[in-house]
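Undergrad: Data file data24.csv (CSV, C-alpha atoms (C1' of nucleotides)) is appended below.
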```csv
chain,number,residue,atom,x,y,z
P,60,MET,CA,0.0,0.0,0.0
P,61,PRO,CA,2.8,2.5,0.5
P,62,GLN,CA,3.0,3.8,-3.0
P,63,GLU,CA,5.4,6.5,-1.8
P,64,THR,CA,9.0,5.4,-1.5
P,65,CYS,CA,10.4,5.5,2.0
P,66,LEU,CA,12.4,8.6,2.8
P,67,CYS,CA,14.7,6.7,5.1
P,68,ILE,CA,15.4,4.0,2.6
P,69,ASP,CA,16.0,6.6,-0.1
P,70,LEU,CA,18.5,8.3,2.0
P,71,ARG,CA,20.2,5.1,3.1
P,72,THR,CA,20.5,3.9,-0.5
P,73,ALA,CA,21.9,7.2,-1.7
P,74,ALA,CA,24.4,7.2,1.2
P,75,ASN,CA,25.5,3.7,0.4
P,76,LYS,CA,26.0,4.5,-3.2
P,77,LEU,CA,27.8,7.7,-2.5
P,78,THR,CA,30.0,5.9,0.0
P,79,GLN,CA,31.1,3.4,-2.6
P,80,VAL,CA,32.0,6.2,-5.0
P,81,TYR,CA,34.0,8.1,-2.4
P,82,ASP,CA,35.7,5.0,-1.1
P,83,GLN,CA,36.7,3.9,-4.6
P,84,ALA,CA,38.1,7.3,-5.4
P,85,MET,CA,40.0,7.4,-2.1
P,86,ALA,CA,41.3,3.8,-2.2
P,87,PRO,CA,44.8,4.8,-3.3
P,88,SER,CA,45.2,6.7,0.0
P,89,GLY,CA,44.4,3.5,2.0
P,90,ILE,CA,41.5,5.0,3.9
P,91,SER,CA,37.8,5.2,3.5
P,92,VAL,CA,35.7,8.3,3.4
P,93,THR,CA,34.5,7.6,7.0
P,94,GLN,CA,38.0,7.3,8.2
P,95,PHE,CA,39.0,10.4,6.3
P,96,SER,CA,36.2,12.3,8.1
P,97,GLN,CA,37.2,11.0,11.4
P,98,LEU,CA,40.9,11.9,11.0
P,99,HIS,CA,39.8,15.3,10.0
P,100,THR,CA,37.6,15.8,13.0
P,101,ILE,CA,40.3,14.5,15.3
P,102,GLN,CA,42.8,17.0,13.8
P,103,THR,CA,40.3,19.8,14.1
P,104,LEU,CA,39.4,19.0,17.7
P,105,GLN,CA,43.1,18.5,18.7
P,106,GLY,CA,43.1,15.5,20.9
P,107,PRO,CA,39.4,15.1,21.7
P,108,THR,CA,38.1,12.5,24.1
P,109,LEU,CA,36.0,9.7,22.7
P,110,LYS,CA,32.9,11.4,24.0
P,111,GLU,CA,33.8,14.7,22.3
P,112,LEU,CA,34.6,13.0,19.1
P,113,ALA,CA,31.4,11.0,19.1
P,114,ALA,CA,29.4,14.1,19.7
P,115,ALA,CA,31.1,16.0,16.9
P,116,SER,CA,30.6,13.0,14.6
P,117,GLN,CA,27.0,12.5,15.7
P,118,LEU,CA,27.8,8.8,16.4
P,119,ASP,CA,27.2,6.6,19.3
P,120,ARG,CA,30.2,6.4,21.7
P,121,SER,CA,30.6,2.7,21.3
P,122,THR,CA,30.5,3.0,17.6
P,123,LEU,CA,33.2,5.6,17.7
P,124,GLY,CA,35.3,3.6,20.1
P,125,ARG,CA,35.4,0.7,17.6
P,126,ASN,CA,36.1,2.9,14.7
P,127,ILE,CA,39.0,4.4,16.5
P,128,ARG,CA,40.3,1.0,17.3
P,129,VAL,CA,40.6,0.3,13.6
P,130,LEU,CA,42.5,3.5,13.0
P,131,GLU,CA,44.7,2.6,15.9
P,132,LYS,CA,45.4,-0.8,14.5
P,133,GLN,CA,46.4,0.9,11.2
P,134,GLY,CA,48.8,3.2,13.1
P,135,LEU,CA,46.9,6.3,12.1
P,136,VAL,CA,46.0,7.4,15.6
P,137,VAL,CA,47.1,6.8,19.2
P,138,THR,CA,45.1,7.2,22.4
P,139,LYS,CA,46.4,8.5,25.6
P,140,THR,CA,44.9,8.8,29.0
P,141,GLY,CA,43.8,12.3,29.7
P,142,HIS,CA,43.9,14.2,33.0
P,143,ASP,CA,40.9,12.4,34.1
P,144,ALA,CA,41.8,8.7,34.3
P,145,ARG,CA,38.4,7.8,32.8
P,146,THR,CA,38.9,9.7,29.6
P,147,ARG,CA,41.0,8.7,26.6
P,148,THR,CA,42.2,11.4,24.2
P,149,ILE,CA,42.8,10.7,20.6
P,150,HIS,CA,45.7,12.0,18.5
P,151,LEU,CA,46.9,11.6,15.0
P,152,THR,CA,50.2,9.9,14.5
P,153,ALA,CA,52.7,11.2,11.9
P,154,LYS,CA,51.5,8.5,9.6
P,155,GLY,CA,47.9,9.6,10.3
P,156,LYS,CA,48.7,13.1,9.4
P,157,GLN,CA,50.5,12.1,6.2
P,158,THR,CA,47.8,9.7,5.2
P,159,PHE,CA,45.1,12.4,5.7
P,160,LYS,CA,47.2,14.8,3.6
P,161,ASN,CA,47.6,12.4,0.8
P,162,ALA,CA,43.8,11.7,0.8
P,163,VAL,CA,42.8,15.3,0.6
P,164,PRO,CA,43.2,15.7,-3.2
P,165,LEU,CA,41.4,12.4,-3.8
P,166,TRP,CA,38.5,13.5,-1.6
P,167,LEU,CA,38.4,16.9,-3.3
P,168,GLY,CA,38.3,15.3,-6.7
P,169,VAL,CA,35.0,13.4,-6.0
P,170,GLN,CA,33.5,16.1,-3.8
P,171,SER,CA,34.0,18.9,-6.3
P,172,GLN,CA,32.8,16.8,-9.1
P,173,LEU,CA,29.6,16.0,-7.3
P,174,ILE,CA,29.1,19.6,-6.2
P,175,GLU,CA,29.5,20.8,-9.7
P,176,ARG,CA,26.9,18.3,-10.7
P,177,LEU,CA,24.5,19.6,-8.1
P,178,GLY,CA,25.2,23.2,-8.6
P,179,ILE,CA,25.7,25.7,-5.9
P,180,SER,CA,22.0,26.1,-5.3
P,181,GLY,CA,21.4,22.3,-5.3
P,182,ARG,CA,24.1,21.9,-2.7
P,183,GLY,CA,22.5,24.4,-0.5
P,184,GLN,CA,19.1,22.9,-1.0
P,185,LEU,CA,20.4,19.5,-0.1
P,186,LYS,CA,21.9,20.7,3.1
P,187,ASP,CA,18.7,22.5,4.1
P,188,LEU,CA,16.6,19.5,3.4
P,189,LEU,CA,18.8,17.2,5.4
P,190,THR,CA,18.8,19.7,8.2
P,191,THR,CA,15.1,19.9,8.1
P,192,LEU,CA,14.8,16.1,8.1
P,193,THR,CA,17.0,15.5,11.0
P,194,ALA,CA,16.2,18.6,13.0
P,195,PRO,CA,13.4,17.1,15.0
P,196,LEU,CA,15.7,14.2,16.0
P,197,ALA,CA,18.7,15.9,17.4
P,198,PRO,CA,17.6,19.3,18.6
P,199,ASN,CA,19.9,19.3,21.5
P,200,LEU,CA,23.5,18.8,20.5
I,283,MET,CA,41.7,22.4,4.5
I,284,PRO,CA,38.4,21.1,3.5
I,285,GLN,CA,36.2,23.9,4.8
I,286,GLU,CA,33.2,22.3,3.0
I,287,THR,CA,31.5,19.5,4.7
I,288,CYS,CA,31.7,16.2,3.0
I,289,LEU,CA,28.6,15.4,1.0
I,290,CYS,CA,29.0,11.7,1.7
I,291,ILE,CA,29.3,12.1,5.4
I,292,ASP,CA,26.4,14.5,5.4
I,293,LEU,CA,24.2,11.9,3.8
I,294,ARG,CA,25.5,9.1,5.9
I,295,THR,CA,24.8,11.1,9.1
I,296,ALA,CA,21.3,12.0,8.0
I,297,ALA,CA,20.6,8.5,7.0
I,298,ASN,CA,21.8,7.2,10.4
I,299,LYS,CA,19.6,9.7,12.3
I,300,LEU,CA,16.6,9.0,10.1
I,301,THR,CA,17.0,5.3,10.6
I,302,GLN,CA,17.0,5.7,14.3
I,303,VAL,CA,13.8,7.7,14.1
I,304,TYR,CA,12.0,5.2,11.9
I,305,ASP,CA,13.3,2.3,13.9
I,306,GLN,CA,12.1,3.7,17.1
I,307,ALA,CA,8.7,4.5,15.7
I,308,MET,CA,8.4,1.0,14.2
I,309,ALA,CA,9.8,-0.8,17.2
I,310,PRO,CA,6.3,-2.0,18.4
I,311,SER,CA,6.0,-4.0,15.2
I,312,GLY,CA,9.2,-5.9,15.9
I,313,ILE,CA,10.9,-5.0,12.6
I,314,SER,CA,13.3,-2.2,11.6
I,315,VAL,CA,12.7,0.1,8.7
I,316,THR,CA,15.2,-1.8,6.5
I,317,GLN,CA,13.4,-5.0,7.2
I,318,PHE,CA,10.1,-3.3,6.5
I,319,SER,CA,11.4,-2.2,3.2
I,320,GLN,CA,12.7,-5.6,2.3
I,321,LEU,CA,9.4,-7.3,3.2
I,322,HIS,CA,7.7,-4.8,1.0
I,323,THR,CA,9.9,-5.5,-1.9
I,324,ILE,CA,9.6,-9.2,-1.5
I,325,GLN,CA,5.8,-8.9,-1.5
I,326,THR,CA,5.8,-6.7,-4.6
I,327,LEU,CA,8.2,-8.9,-6.5
I,328,GLN,CA,6.3,-12.0,-5.5
I,329,GLY,CA,8.9,-14.6,-4.8
I,330,PRO,CA,12.0,-13.0,-6.2
I,331,THR,CA,15.4,-14.7,-6.3
I,332,LEU,CA,18.1,-13.3,-4.2
I,333,LYS,CA,19.7,-11.6,-7.2
I,334,GLU,CA,16.4,-10.0,-8.3
I,335,LEU,CA,15.8,-8.7,-4.8
I,336,ALA,CA,19.3,-7.4,-4.5
I,337,ALA,CA,19.0,-5.5,-7.8
I,338,ALA,CA,15.6,-4.1,-6.7
I,339,SER,CA,17.1,-3.0,-3.4
I,340,GLN,CA,20.3,-1.7,-4.9
I,341,LEU,CA,22.3,-3.8,-2.5
I,342,ASP,CA,25.1,-6.3,-2.8
I,343,ARG,CA,23.9,-9.8,-3.2
I,344,SER,CA,25.9,-11.0,-0.3
I,345,THR,CA,24.5,-8.3,1.9
I,346,LEU,CA,21.0,-9.2,0.9
I,347,GLY,CA,21.6,-12.9,1.5
I,348,ARG,CA,22.6,-12.1,5.0
I,349,ASN,CA,19.6,-9.7,5.6
I,350,ILE,CA,17.3,-12.4,4.4
I,351,ARG,CA,18.8,-14.9,6.7
I,352,VAL,CA,17.8,-12.7,9.6
I,353,LEU,CA,14.3,-12.4,8.4
I,354,GLU,CA,14.2,-16.2,8.0
I,355,LYS,CA,15.4,-16.7,11.5
I,356,GLN,CA,12.6,-14.5,12.7
I,357,GLY,CA,10.1,-16.6,10.7
I,358,LEU,CA,9.1,-13.7,8.4
I,359,VAL,CA,10.2,-15.3,5.2
I,360,VAL,CA,11.0,-18.6,3.7
I,361,THR,CA,13.3,-19.5,0.8
I,362,LYS,CA,12.5,-22.2,-1.7
I,363,THR,CA,14.6,-23.6,-4.5
I,364,GLY,CA,13.4,-22.3,-7.8
I,365,HIS,CA,13.2,-24.1,-11.1
I,366,ASP,CA,16.8,-23.5,-11.5
I,367,ALA,CA,18.5,-25.4,-8.7
I,368,ARG,CA,20.9,-22.6,-8.3
I,369,THR,CA,18.4,-20.0,-7.4
I,370,ARG,CA,16.5,-19.5,-4.2
I,371,THR,CA,13.2,-17.6,-4.3
I,372,ILE,CA,12.0,-15.7,-1.3
I,373,HIS,CA,8.5,-15.6,0.1
I,374,LEU,CA,6.7,-14.0,2.9
I,375,THR,CA,5.3,-16.3,5.6
I,376,ALA,CA,1.9,-15.7,7.1
I,377,LYS,CA,3.7,-14.1,10.0
I,378,GLY,CA,5.7,-12.0,7.6
I,379,LYS,CA,2.6,-10.7,6.0
I,380,GLN,CA,1.0,-9.9,9.3
I,381,THR,CA,4.0,-8.3,10.7
I,382,PHE,CA,4.3,-6.1,7.6
I,383,LYS,CA,0.7,-5.2,7.8
I,384,ASN,CA,1.0,-4.2,11.4
I,385,ALA,CA,4.0,-2.1,10.6
I,386,VAL,CA,2.4,-0.1,7.9
I,387,PRO,CA,0.6,2.4,10.1
I,388,LEU,CA,3.7,2.9,12.2
I,389,TRP,CA,5.8,3.6,9.1
I,390,LEU,CA,3.1,5.9,7.7
I,391,GLY,CA,3.1,7.9,10.9
I,392,VAL,CA,6.8,8.8,10.7
I,393,GLN,CA,6.9,9.1,6.9
I,394,SER,CA,3.9,11.5,6.6
I,395,GLN,CA,5.1,13.6,9.5
I,396,LEU,CA,8.5,14.0,7.8
I,397,ILE,CA,7.0,14.7,4.4
I,398,GLU,CA,4.7,17.3,6.0
I,399,ARG,CA,7.8,18.9,7.4
I,400,LEU,CA,9.5,18.9,4.1
I,401,GLY,CA,6.6,20.1,2.1
I,402,ILE,CA,5.6,18.6,-1.2
I,403,SER,CA,8.1,20.6,-3.1
I,404,GLY,CA,10.9,19.8,-0.6
I,405,ARG,CA,10.1,16.2,-1.0
I,406,GLY,CA,10.4,16.4,-4.8
I,407,GLN,CA,13.6,18.4,-4.5
I,408,LEU,CA,15.2,15.9,-2.2
I,409,LYS,CA,14.4,13.0,-4.6
I,410,ASP,CA,15.8,14.9,-7.5
I,411,LEU,CA,18.9,15.8,-5.7
I,412,LEU,CA,19.5,12.2,-4.5
I,413,THR,CA,18.9,11.0,-8.1
I,414,THR,CA,21.4,13.6,-9.4
I,415,LEU,CA,23.9,12.6,-6.8
I,416,THR,CA,23.7,8.9,-7.5
I,417,ALA,CA,23.0,9.0,-11.2
I,418,PRO,CA,26.7,8.8,-12.3
I,419,LEU,CA,27.2,5.8,-10.1
I,420,ALA,CA,24.4,3.5,-11.2
I,421,PRO,CA,23.4,4.5,-14.7
I,422,ASN,CA,22.7,1.0,-15.7
I,423,LEU,CA,20.0,-0.6,-13.6
Z,238,DC,C1',28.4,-35.4,-25.5
Z,239,DT,C1',32.3,-33.4,-23.2
Z,240,DA,C1',35.2,-29.3,-21.9
Z,241,DC,C1',34.7,-24.6,-20.9
Z,242,DA,C1',32.2,-20.5,-19.8
Z,243,DT,C1',28.5,-18.3,-17.3
Z,244,DT,C1',25.5,-17.7,-13.5
Z,245,DA,C1',23.5,-17.9,-8.6
Z,246,DT,C1',24.7,-18.3,-4.4
Z,247,DG,C1',27.5,-19.0,0.0
Z,248,DG,C1',31.2,-18.0,3.1
Z,249,DG,C1',35.3,-15.5,4.8
Z,250,DT,C1',36.6,-11.2,6.3
Z,251,DA,C1',36.2,-6.5,7.5
Z,252,DT,C1',34.0,-2.0,8.6
Z,253,DA,C1',30.1,0.8,10.4
Z,254,DT,C1',26.6,1.2,13.4
Z,255,DA,C1',23.5,1.1,17.7
Z,256,DC,C1',21.6,-0.4,22.3
Z,257,DA,C1',21.9,-2.3,26.8
Z,258,DC,C1',24.8,-3.4,30.6
Z,259,DG,C1',28.7,-3.2,33.6
Z,260,DC,C1',32.9,-1.3,35.6
Z,261,DA,C1',36.1,2.0,37.1
Z,262,DT,C1',36.7,6.7,38.2
Z,263,DT,C1',35.4,11.1,39.6
Z,264,DA,C1',32.2,14.3,41.7
Z,265,DT,C1',28.7,15.4,45.2
Z,266,DT,C1',26.4,15.2,49.4
Z,267,DA,C1',25.5,14.2,54.0
M,99,DT,C1',35.4,11.7,55.1
M,100,DA,C1',32.2,8.1,53.7
M,101,DA,C1',28.3,6.9,51.0
M,102,DT,C1',26.0,7.9,46.8
M,103,DA,C1',25.5,9.8,42.3
M,104,DA,C1',27.2,10.9,37.9
M,105,DT,C1',30.5,10.2,34.1
M,106,DG,C1',33.4,8.0,30.6
M,107,DC,C1',34.5,3.8,28.5
M,108,DG,C1',34.4,-1.0,27.2
M,109,DT,C1',32.0,-5.3,26.0
M,110,DG,C1',28.3,-8.2,24.5
M,111,DT,C1',25.2,-8.7,21.0
M,112,DA,C1',23.0,-7.8,16.7
M,113,DT,C1',22.1,-5.8,12.1
M,114,DA,C1',23.7,-3.7,7.8
M,115,DT,C1',26.9,-3.4,4.4
M,116,DA,C1',30.6,-4.6,0.8
M,117,DC,C1',34.4,-7.1,-1.5
M,118,DC,C1',36.7,-11.2,-2.9
M,119,DC,C1',36.9,-16.0,-3.6
M,120,DA,C1',34.9,-20.7,-3.8
M,121,DT,C1',31.4,-23.9,-5.3
M,122,DA,C1',27.6,-25.9,-7.5
M,123,DA,C1',24.5,-25.7,-11.3
M,124,DT,C1',23.5,-24.4,-15.8
M,125,DG,C1',24.4,-23.2,-20.5
M,126,DT,C1',27.4,-23.4,-24.8
M,127,DA,C1',30.9,-24.6,-28.1
M,128,DG,C1',33.3,-27.9,-30.3
```
Show this structure as structure tokens.
TA:
Amino acid sequence: MPQETCLCIDLRTAANKLTQVYDQAMAPSGISVTQFSQLHTIQTLQGPTLKELAAASQLDRSTLGRNIRVLEKQGLVVTKTGHDARTRTIHLTAKGKQTFKNAVPLWLGVQSQLIERLGISGRGQLKDLLTTLTAPLAPNL
Amino acid sequence: MPQETCLCIDLRTAANKLTQVYDQAMAPSGISVTQFSQLHTIQTLQGPTLKELAAASQLDRSTLGRNIRVLEKQGLVVTKTGHDARTRTIHLTAKGKQTFKNAVPLWLGVQSQLIERLGISGRGQLKDLLTTLTAPLAPNL
DNA sequence: CTACATTATGGGTATATACACGCATTATTA
DNA sequence: TAATAATGCGTGTATATACCCATAATGTAG
């Protein structure tokens, strides 16, 4: 009976497809687009705790902890104990910084191509629509 | 250096958030929004093979096989061997049909609420933008 | 009709993701 | 200061997802 397609599935499908495109383009760098994003956030936040990084990434803490473990295994980040013995702060290694740097042009290649395709207005529209969609869900971050 | 947010991450984040909202709303039915979608497609395609269902869902065949196994374990679908002994066709069980039916109003509740929020034009815009974004990737389905 | 190619699927492996629960550490309050 | 609350993380469990390779079944060429 639902003759309308599901908004959620539409978004999931698009996100999956897009992820494949980004990942393929970024493959030479050795990291995926999600890892690229996480490295970027870590760099920007300069040694955030897991909680801070999770909040910034809008991901569950446990999810983030596991993602970080992968990056750690690959030698891209290290974690240290912060002032508070409960917290662990996350930092890029030299290899992590270099890997990120190498990935930037690859990321930029896909990203700018897609933005060109969308047009500036389309890009803004998309952002607004996604914000509208997700606004009711996370009003308090 | 990337002062622009990543389109892919934006989409992934929105999809994650939206999934949580749908799943929460549909929790009383016992199925998630992805399962709801899959049951719907199976019903529409009337006993599709794994390959057909994967194509319709725009998912990898192996992904779909595993998703189906979960539905099978929950007694919502059964698989039979088709004419061709290689293929397996997928069918809703009575429980599967009932579960889907029960889930429809829950799905509709979230969906219509979100569409109302987007507006008719916004909904169309979003669809067009997602199509534009993913068009280069899957031009041949 | 047999050797080879094609097809449909399964399994191994790996990441991404979330929720619920538990544990250790820190903060608060009595 | 001692008991209690709050906080930060980790783990268990489960789904969703994809890629690569193996295997069984079917189709095709010789």
Undergrad: Which residue, M:DC117, M:DC107, M:DA101, M:DA127, has the smallest gap to chain I when you use only C-alpha atoms (C1' of nucleotides)?
TA: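 Of M:DC117, M:DC107, M:DA101, M:DA127, the one nearest chain I, counting only C-alpha atoms (C1' of nucleotides), is M:DC117.
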Undergrad: Would you give me, as CSV, each residue of chain Z having an atom within 9 Å of an atom of chain I, along with its shortest atom pair and that distance in Å to one decimal, using only C-alpha atoms (C1' of nucleotides) and sorting by chain and residue number?
TA:
```
residue,atom,partner,partner_atom,distance
Z:DT244,C1',I:Arg368,CA,8.5
Z:DA245,C1',I:Arg368,CA,5.4
Z:DT246,C1',I:Arg368,CA,6.9
Z:DG247,C1',I:Ser344,CA,8.2
Z:DT254,C1',I:Asn298,CA,8.2
Z:DA255,C1',I:Gln302,CA,8.7
```
Undergrad: Between I:Gln328, I:Thr287, I:Ser314, I:Thr414, which residue has the minimum interatomic distance to chain M, considering all atoms listed in the file?
TA: I:Ser314
Undergrad: For chain M against chain P, which residues fall within 9 Å using only C-alpha atoms (C1' of nucleotides), given as JSON, numbers by chain?
TA: {"M": [105, 106, 107, 108, 115, 116]}
Undergrad: Store the residues picked out above, limited to C-alpha atoms (C1' of nucleotides), as a compact mmCIF listing (two decimals), in the coordinates of the input.
TA:
```txt
# COMPACT_ATOMS: atom_id res chain seq x y z
C1' DT M 105 30.50 10.20 34.10
C1' DG M 106 33.40 8.00 30.60
C1' DC M 107 34.50 3.80 28.50
C1' DG M 108 34.40 -1.00 27.20
C1' DT M 115 26.90 -3.40 4.40
C1' DA M 116 30.60 -4.60 0.80
```
Undergrad: Taking all atoms listed in the file into account, find every residue of chain P that has an atom no more than 9 Å from chain I, and write it out as a PDB file with C-alpha atoms, in the coordinates of the input.
TA:
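Final output, saved to out_31.pdb:
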```
ATOM      1  CA  MET P  60       0.000   0.000   0.000  1.00  0.00           C
ATOM      2  CA  PRO P  61       2.800   2.500   0.500  1.00  0.00           C
ATOM      3  CA  CYS P  65      10.400   5.500   2.000  1.00  0.00           C
ATOM      4  CA  LEU P  66      12.400   8.600   2.800  1.00  0.00           C
ATOM      5  CA  CYS P  67      14.700   6.700   5.100  1.00  0.00           C
ATOM      6  CA  ILE P  68      15.400   4.000   2.600  1.00  0.00           C
ATOM      7  CA  ASP P  69      16.000   6.600  -0.100  1.00  0.00           C
ATOM      8  CA  LEU P  70      18.500   8.300   2.000  1.00  0.00           C
ATOM      9  CA  ARG P  71      20.200   5.100   3.100  1.00  0.00           C
ATOM     10  CA  THR P  72      20.500   3.900  -0.500  1.00  0.00           C
ATOM     11  CA  ALA P  73      21.900   7.200  -1.700  1.00  0.00           C
ATOM     12  CA  ALA P  74      24.400   7.200   1.200  1.00  0.00           C
ATOM     13  CA  ASN P  75      25.500   3.700   0.400  1.00  0.00           C
ATOM     14  CA  LYS P  76      26.000   4.500  -3.200  1.00  0.00           C
ATOM     15  CA  LEU P  77      27.800   7.700  -2.500  1.00  0.00           C
ATOM     16  CA  THR P  78      30.000   5.900   0.000  1.00  0.00           C
ATOM     17  CA  GLN P  79      31.100   3.400  -2.600  1.00  0.00           C
ATOM     18  CA  VAL P  80      32.000   6.200  -5.000  1.00  0.00           C
ATOM     19  CA  TYR P  81      34.000   8.100  -2.400  1.00  0.00           C
ATOM     20  CA  VAL P  92      35.700   8.300   3.400  1.00  0.00           C
ATOM     21  CA  THR P  93      34.500   7.600   7.000  1.00  0.00           C
ATOM     22  CA  SER P  96      36.200  12.300   8.100  1.00  0.00           C
ATOM     23  CA  HIS P  99      39.800  15.300  10.000  1.00  0.00           C
ATOM     24  CA  SER P 116      30.600  13.000  14.600  1.00  0.00           C
ATOM     25  CA  GLN P 117      27.000  12.500  15.700  1.00  0.00           C
ATOM     26  CA  LEU P 118      27.800   8.800  16.400  1.00  0.00           C
ATOM     27  CA  VAL P 163      42.800  15.300   0.600  1.00  0.00           C
ATOM     28  CA  TRP P 166      38.500  13.500  -1.600  1.00  0.00           C
ATOM     29  CA  LEU P 167      38.400  16.900  -3.300  1.00  0.00           C
ATOM     30  CA  GLN P 170      33.500  16.100  -3.800  1.00  0.00           C
ATOM     31  CA  LEU P 173      29.600  16.000  -7.300  1.00  0.00           C
ATOM     32  CA  ILE P 174      29.100  19.600  -6.200  1.00  0.00           C
ATOM     33  CA  ARG P 176      26.900  18.300 -10.700  1.00  0.00           C
ATOM     34  CA  LEU P 177      24.500  19.600  -8.100  1.00  0.00           C
ATOM     35  CA  GLY P 181      21.400  22.300  -5.300  1.00  0.00           C
ATOM     36  CA  ARG P 182      24.100  21.900  -2.700  1.00  0.00           C
ATOM     37  CA  GLN P 184      19.100  22.900  -1.000  1.00  0.00           C
ATOM     38  CA  LEU P 185      20.400  19.500  -0.100  1.00  0.00           C
ATOM     39  CA  LYS P 186      21.900  20.700   3.100  1.00  0.00           C
ATOM     40  CA  LEU P 188      16.600  19.500   3.400  1.00  0.00           C
ATOM     41  CA  LEU P 189      18.800  17.200   5.400  1.00  0.00           C
ATOM     42  CA  THR P 190      18.800  19.700   8.200  1.00  0.00           C
ATOM     43  CA  THR P 191      15.100  19.900   8.100  1.00  0.00           C
ATOM     44  CA  LEU P 192      14.800  16.100   8.100  1.00  0.00           C
ATOM     45  CA  THR P 193      17.000  15.500  11.000  1.00  0.00           C
ATOM     46  CA  LEU P 196      15.700  14.200  16.000  1.00  0.00           C
ATOM     47  CA  ALA P 197      18.700  15.900  17.400  1.00  0.00           C
TER      48      ALA P 197
END
```
Undergrad: So how many Å separate CA of His150 in chain P and CA of Val136 in chain P, to one decimal?
TA: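 Separation between CA of His150 in chain P and CA of Val136 in chain P: 5.4 Å.
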Undergrad: State, in Å with one decimal place, the distance from CA of Ile90 in chain P to CA of Gly168 in chain P.
TA: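 Here the two named atoms are 15.1 Å from each other.
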Undergrad: What residues have an atom no more than 8 Å from (10.0, -10.8, -4.3) in the file's own frame, counting all atoms listed in the file, and can you write them as a list in words?
TA: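 All residues meeting the 8 Å criterion around (10.0, -10.8, -4.3) are Thr323, Ile324, Gln325, Thr326, Leu327, Gln328, Gly329, Pro330, Thr331, Glu334, Leu335, Thr371, Ile372 and His373 of chain I.
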Undergrad: Would you output range 110-121 of chain M from that structure, restricted to N, CA, C and O atoms (P, O5', C5', C4', C3', O3' and C1' of nucleotides), as a short mmCIF file (atom, residue, chain, number, x, y, z; two decimals), in the first residue's frame?
TA:
```cif
data_model
loop_
_atom_site.label_atom_id
_atom_site.label_comp_id
_atom_site.auth_asym_id
_atom_site.auth_seq_id
_atom_site.Cartn_x
_atom_site.Cartn_y
_atom_site.Cartn_z
P DG M 110 33.24 -9.07 25.49
"O5'" DG M 110 31.64 -9.14 25.37
"C5'" DG M 110 30.86 -9.23 26.56
"C4'" DG M 110 29.40 -9.43 26.20
"C3'" DG M 110 29.15 -10.39 25.04
"O3'" DG M 110 27.96 -11.14 25.31
"C1'" DG M 110 28.33 -8.24 24.47
P DT M 111 27.51 -12.31 24.29
"O5'" DT M 111 26.54 -11.55 23.28
"C5'" DT M 111 25.40 -10.86 23.81
"C4'" DT M 111 24.67 -10.13 22.71
"C3'" DT M 111 24.53 -10.92 21.39
"O3'" DT M 111 23.17 -11.02 21.06
"C1'" DT M 111 25.22 -8.69 20.99
P DA M 112 22.70 -12.07 19.94
"O5'" DA M 112 22.31 -11.09 18.74
"C5'" DA M 112 21.42 -10.01 19.02
"C4'" DA M 112 21.49 -9.03 17.87
"C3'" DA M 112 21.61 -9.69 16.50
"O3'" DA M 112 20.38 -9.52 15.79
"C1'" DA M 112 23.03 -7.77 16.72
P DT M 113 20.23 -10.13 14.34
"O5'" DT M 113 20.38 -8.82 13.42
"C5'" DT M 113 19.61 -7.69 13.75
"C4'" DT M 113 20.04 -6.49 12.94
"C3'" DT M 113 20.04 -6.72 11.43
"O3'" DT M 113 19.32 -5.66 10.83
"C1'" DT M 113 22.11 -5.78 12.13
P DA M 114 18.96 -5.67 9.30
"O5'" DA M 114 20.12 -4.82 8.63
"C5'" DA M 114 20.47 -3.57 9.18
"C4'" DA M 114 21.55 -2.91 8.33
"C3'" DA M 114 21.55 -3.30 6.86
"O3'" DA M 114 21.71 -2.12 6.10
"C1'" DA M 114 23.68 -3.69 7.78
P DT M 115 21.49 -2.10 4.56
"O5'" DT M 115 22.94 -2.35 3.96
"C5'" DT M 115 23.94 -1.35 4.14
"C4'" DT M 115 25.30 -1.90 3.87
"C3'" DT M 115 25.50 -2.70 2.59
"O3'" DT M 115 25.68 -1.81 1.49
"C1'" DT M 115 26.91 -3.39 4.42
P DA M 116 25.88 -2.42 0.04
"O5'" DA M 116 27.41 -2.85 0.01
"C5'" DA M 116 28.41 -1.87 0.25
"C4'" DA M 116 29.77 -2.52 0.20
"C3'" DA M 116 30.03 -3.29 -1.09
"O3'" DA M 116 31.20 -2.79 -1.70
"C1'" DA M 116 30.58 -4.60 0.83
P DC M 117 31.54 -3.17 -3.19
"O5'" DC M 117 32.81 -4.15 -3.03
"C5'" DC M 117 33.91 -3.72 -2.24
"C4'" DC M 117 34.88 -4.88 -2.03
"C3'" DC M 117 35.12 -5.72 -3.29
"O3'" DC M 117 36.51 -5.94 -3.46
"C1'" DC M 117 34.45 -7.10 -1.49
P DC M 118 37.00 -6.48 -4.89
"O5'" DC M 118 37.54 -7.93 -4.50
"C5'" DC M 118 38.22 -8.10 -3.25
"C4'" DC M 118 38.35 -9.58 -2.94
"C3'" DC M 118 38.53 -10.47 -4.17
"O3'" DC M 118 39.56 -11.42 -3.91
"C1'" DC M 118 36.72 -11.24 -2.88
P DC M 119 40.15 -12.29 -5.11
"O5'" DC M 119 39.66 -13.76 -4.71
"C5'" DC M 119 39.91 -14.23 -3.39
"C4'" DC M 119 39.07 -15.46 -3.09
"C3'" DC M 119 39.11 -16.53 -4.17
"O3'" DC M 119 39.29 -17.79 -3.54
"C1'" DC M 119 36.89 -16.03 -3.61
P DA M 120 39.65 -19.06 -4.41
"O5'" DA M 120 38.45 -20.03 -4.02
"C5'" DA M 120 38.13 -20.22 -2.64
"C4'" DA M 120 36.83 -20.99 -2.51
"C3'" DA M 120 36.71 -22.19 -3.45
"O3'" DA M 120 36.10 -23.27 -2.76
"C1'" DA M 120 34.89 -20.72 -3.79
P DT M 121 36.17 -24.73 -3.41
"O5'" DT M 121 34.64 -25.08 -3.65
"C5'" DT M 121 33.66 -24.64 -2.72
"C4'" DT M 121 32.28 -24.80 -3.32
"C3'" DT M 121 32.16 -25.92 -4.35
"O3'" DT M 121 30.91 -26.58 -4.17
"C1'" DT M 121 31.38 -23.94 -5.28
#
```
